[in-house]
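**Student:** Provided herewith is a single structure, encoded as structure tokens, for subsequent inquiry.
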Amino acid sequence: MNFRTVFALFACAISIAGAAQPLCNVRDFGATGRKADDARPALQKAIDFCAQSGGGRVYVPPGEYTSGQLHLRSGIRLYLEAGATLFAALDSTQYDDARKAALIYGEDLQNIALEGAGTLDGQSTYEWRPNNFTDYYILSNQRQMEATGRPLLRPFPRGHPKEAVYPRMVLLLRCTDVRIAGIKLLRSRSWTINPYACKRLVIDGVYIYSSQKEGVWADGVDPDGCQDVHISNSTIETGDDAIVFYSTDAWGPALPTENVTVTNCRLSSSSSAIKFCDGNQVAVRHVVISNVNIVDSNRGIAFMVFDGGIVEDVVISGVTVDTRRFDWFWWGDGDPIHFNIKRRSEVGGQPKPDEPKAGIIRNVTISDVIAHGQGTTMIQGHPDSWLSGIRLSNIRLFVSHGGGAPYESTAAAMTLKYARDVVMNGVEVHWESPHASTWRSAVSVDEVKDLVLNDVTFDAAPASTHPVMSLNDVDGVTVRESQIASIHVTGAKSRNIRILETGSRLTTGSDVPGDAVRIAELPAALPRI
């Protein structure tokens, strides 16, 4: 037994006596700090030894360490010092279970932490090859790309599909009191941080990076069925989605993700910067997002329900958004805000006998947002499940054409469909150079009930002869004290439309009932919001 091991035992003895937590230096357990050496046995030995001694800090000093799957234990704080880099082994045999492969793995643990100023590096690399499958979620992108005559090339993780293991960086199942802070997580080969059914999870001051050009499937943070999640003071730059909220049965029973805060972060994504994921079987609810910069992203804020779950009670405020179109194989269209309810079979495939009904999105407030984007802000429910309780306040939306994009599909800056009880207050739509020939209207509204537009400003699309705002089959629309040069109403189901003090040029289709629309000055007794 060498001196370092004796010292480690002595430190643990002190901890048991109550004087201090043990500090287990991985060098004392055989780690060399040379990248070419296999550090996994030494690191796991240090973790296990520290846990058996009652818990404490496992210290990784400066150096380069290559390891396969490490199993955290309850009470362990894995601390990477500045200058320490832990590389994920590229050898698939270094991961115990292909399905649960991860560099850092924990299951049914309490009081764990991954901290420091060091780095985890997944060492991901990619190969560009012709596309060999159809992704129904972006089929329209693919068809438009095919029309250009350009080859459908896209990146795949090196070795795909022969390589069976694409480890996550951090996978935590059913853990309680978790802290991930200060570290850098780079180039993950799959999702970077994926907690399932975890409670009281704090992610603070981390930097997550994967190639925005190539990093497919390398999401940033993916809480699934977690409670009391707090993400703050972090920078996430990812090829795939940056922050995604799930409620799936991938690791066990589908559970709600709830009681979540995200604040003081900068997010960049080739897909969605913030995504209430289509993979939602139960619920994502009670979420507050504030003080976030979304830059260089394909899609800004996305609400998607494809598996019958619920998204509800969400407040988003103080956000800047800058979106553009990325390559054709990424989800998104340069759209700043996106709402979408579908049944999974409506995206691609045949309905299953046990397929759930269309899900629900309700009670969402988005305020104090400045957004620059190239695509349409689509706010769309489902014919069988309309959006409800949507509030948009103090939002300035600027739309431009992506000159370098291989295709353009934007006709309206914003669309609203299959929704009820919607209020827009102080919402603006403006157009920026360069312009696109496809632009038609600022806002298109279809199949909506109980819509209030107050103090909105919708600019006409440059060179367009179409109305600034179109209303089709709407019931209970009030527009007041707003700047909309022209409004066109269609649909035999349109009724109860009031246009108050807008100065708009109003036109109606021949199918609109004669008493459907009323234009009037704002009554003195009516409160001005």
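As shown in the structure tokens, the chain order sets the letters A, B, ...; within each chain, residues go from 1, and ligands are also counted from 1 in the order they appear.
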Within 7 Å of stretch 249-265 of chain A, counting only C-alpha atoms, which residues show up once you throw out same-chain ones fewer than 3 positions away? Write them as a list of chain:residue names, please.

**Tutor:** A:Tyr196, A:Asp224, A:Gly225, A:Cys226, A:Gln227, A:Asp228, A:Val229, A:His230, A:Ile231, A:Ser232, A:Asn233, A:Ser234, A:Thr235, A:Phe245, A:Tyr246, A:Gln281, A:Val282, A:Ala283, A:Val284, A:Arg285, A:His286, A:Val287, A:Val288, A:Ile289, A:Ser290, A:Asn291, A:Val292, A:Asn293

**Student:** With a distance cut-off of 9 Å and only C-alpha atoms, select the neighbouring residues of A:Asn141, excluding the residue or stretch itself and same-chain residues fewer than 2 positions from it, and output the selection as a PDB file with C-alpha atoms, in the first residue's frame.

**Tutor:**
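Wrote it out as out26.pdb, contents follow:
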ATOM      1  CA  TYR A 137     -40.994  15.777 -39.718  1.00  0.00           C
ATOM      2  CA  ILE A 138     -38.980  17.726 -42.277  1.00  0.00           C
ATOM      3  CA  LEU A 139     -40.346  16.179 -45.458  1.00  0.00           C
ATOM      4  CA  ARG A 143     -38.956  18.162 -51.110  1.00  0.00           C
ATOM      5  CA  GLN A 144     -37.983  21.804 -51.543  1.00  0.00           C
ATOM      6  CA  MET A 145     -34.324  20.844 -51.433  1.00  0.00           C
ATOM      7  CA  GLU A 146     -34.877  18.122 -54.042  1.00  0.00           C
ATOM      8  CA  TRP A 328     -32.405  21.130 -44.941  1.00  0.00           C
ATOM      9  CA  PHE A 329     -32.094  18.141 -42.551  1.00  0.00           C
ATOM     10  CA  TRP A 330     -32.548  20.191 -39.359  1.00  0.00           C
ATOM     11  CA  TRP A 331     -35.998  20.708 -37.840  1.00  0.00           C
ATOM     12  CA  GLY A 332     -37.099  24.315 -38.208  1.00  0.00           C
ATOM     13  CA  ASP A 333     -37.516  26.999 -40.832  1.00  0.00           C
ATOM     14  CA  TYR A 407     -35.482  27.686 -50.612  1.00  0.00           C
TER      15      TYR A 407
END

**Student:** Can you tell me which residues surround A:Arg505 at a distance of at most 12 Å, considering only C-alpha atoms, apart from same-chain residues fewer than 3 positions away, and format the answer as a ChimeraX atom specification?

**Tutor:** /A:467-470,483-489,499,501-502,508,519

**Student:** I'd like the interatomic distance between atom CA of A:Gln123 and atom CA of A:Ser269, to a tenth of an Å.

**Tutor:**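 Computing the Euclidean distance for atom CA of A:Gln123 and atom CA of A:Ser269 yields 19.2 Å.
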
**Student:** When DSSP works through the backbone of this structure, what residues of stretch 221-351 of chain A end up as helix (DSSP H, G or I), shown as a list of chain:residue names?

**Tutor:**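 Checking each residue of stretch 221-351 of chain A, the helix (DSSP H, G or I) ones are A:Arg344, A:Ser345, A:Glu346, A:Val347.
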
**Student:** Any chance you could export the current selection's N, CA and C atoms as a JSON list (two decimals), in the first residue's frame?

**Tutor:**
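Writing done, so here's part.json:
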[["chain", "number", "residue", "atom", "x", "y", "z"],
["A", 344, "ARG", "N", -49.26, 11.55, -33.73],
["A", 344, "ARG", "CA", -48.02, 11.03, -34.31],
["A", 344, "ARG", "C", -48.25, 10.47, -35.71],
["A", 345, "SER", "N", -49.37, 9.81, -35.95],
["A", 345, "SER", "CA", -49.63, 9.22, -37.26],
["A", 345, "SER", "C", -49.85, 10.28, -38.34],
["A", 346, "GLU", "N", -50.18, 11.51, -37.94],
["A", 346, "GLU", "CA", -50.40, 12.56, -38.91],
["A", 346, "GLU", "C", -49.09, 13.13, -39.44],
["A", 347, "VAL", "N", -48.00, 12.82, -38.75],
["A", 347, "VAL", "CA", -46.69, 13.25, -39.22],
["A", 347, "VAL", "C", -46.16, 12.28, -40.26]]

**Student:** Could you tell me how far atom CA of A:Pro62 sits from atom CA of A:Thr125, in Å to one decimal place?

**Tutor:**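 Computed distance, atom CA of A:Thr125 to atom CA of A:Pro62, equals 24.7 Å.
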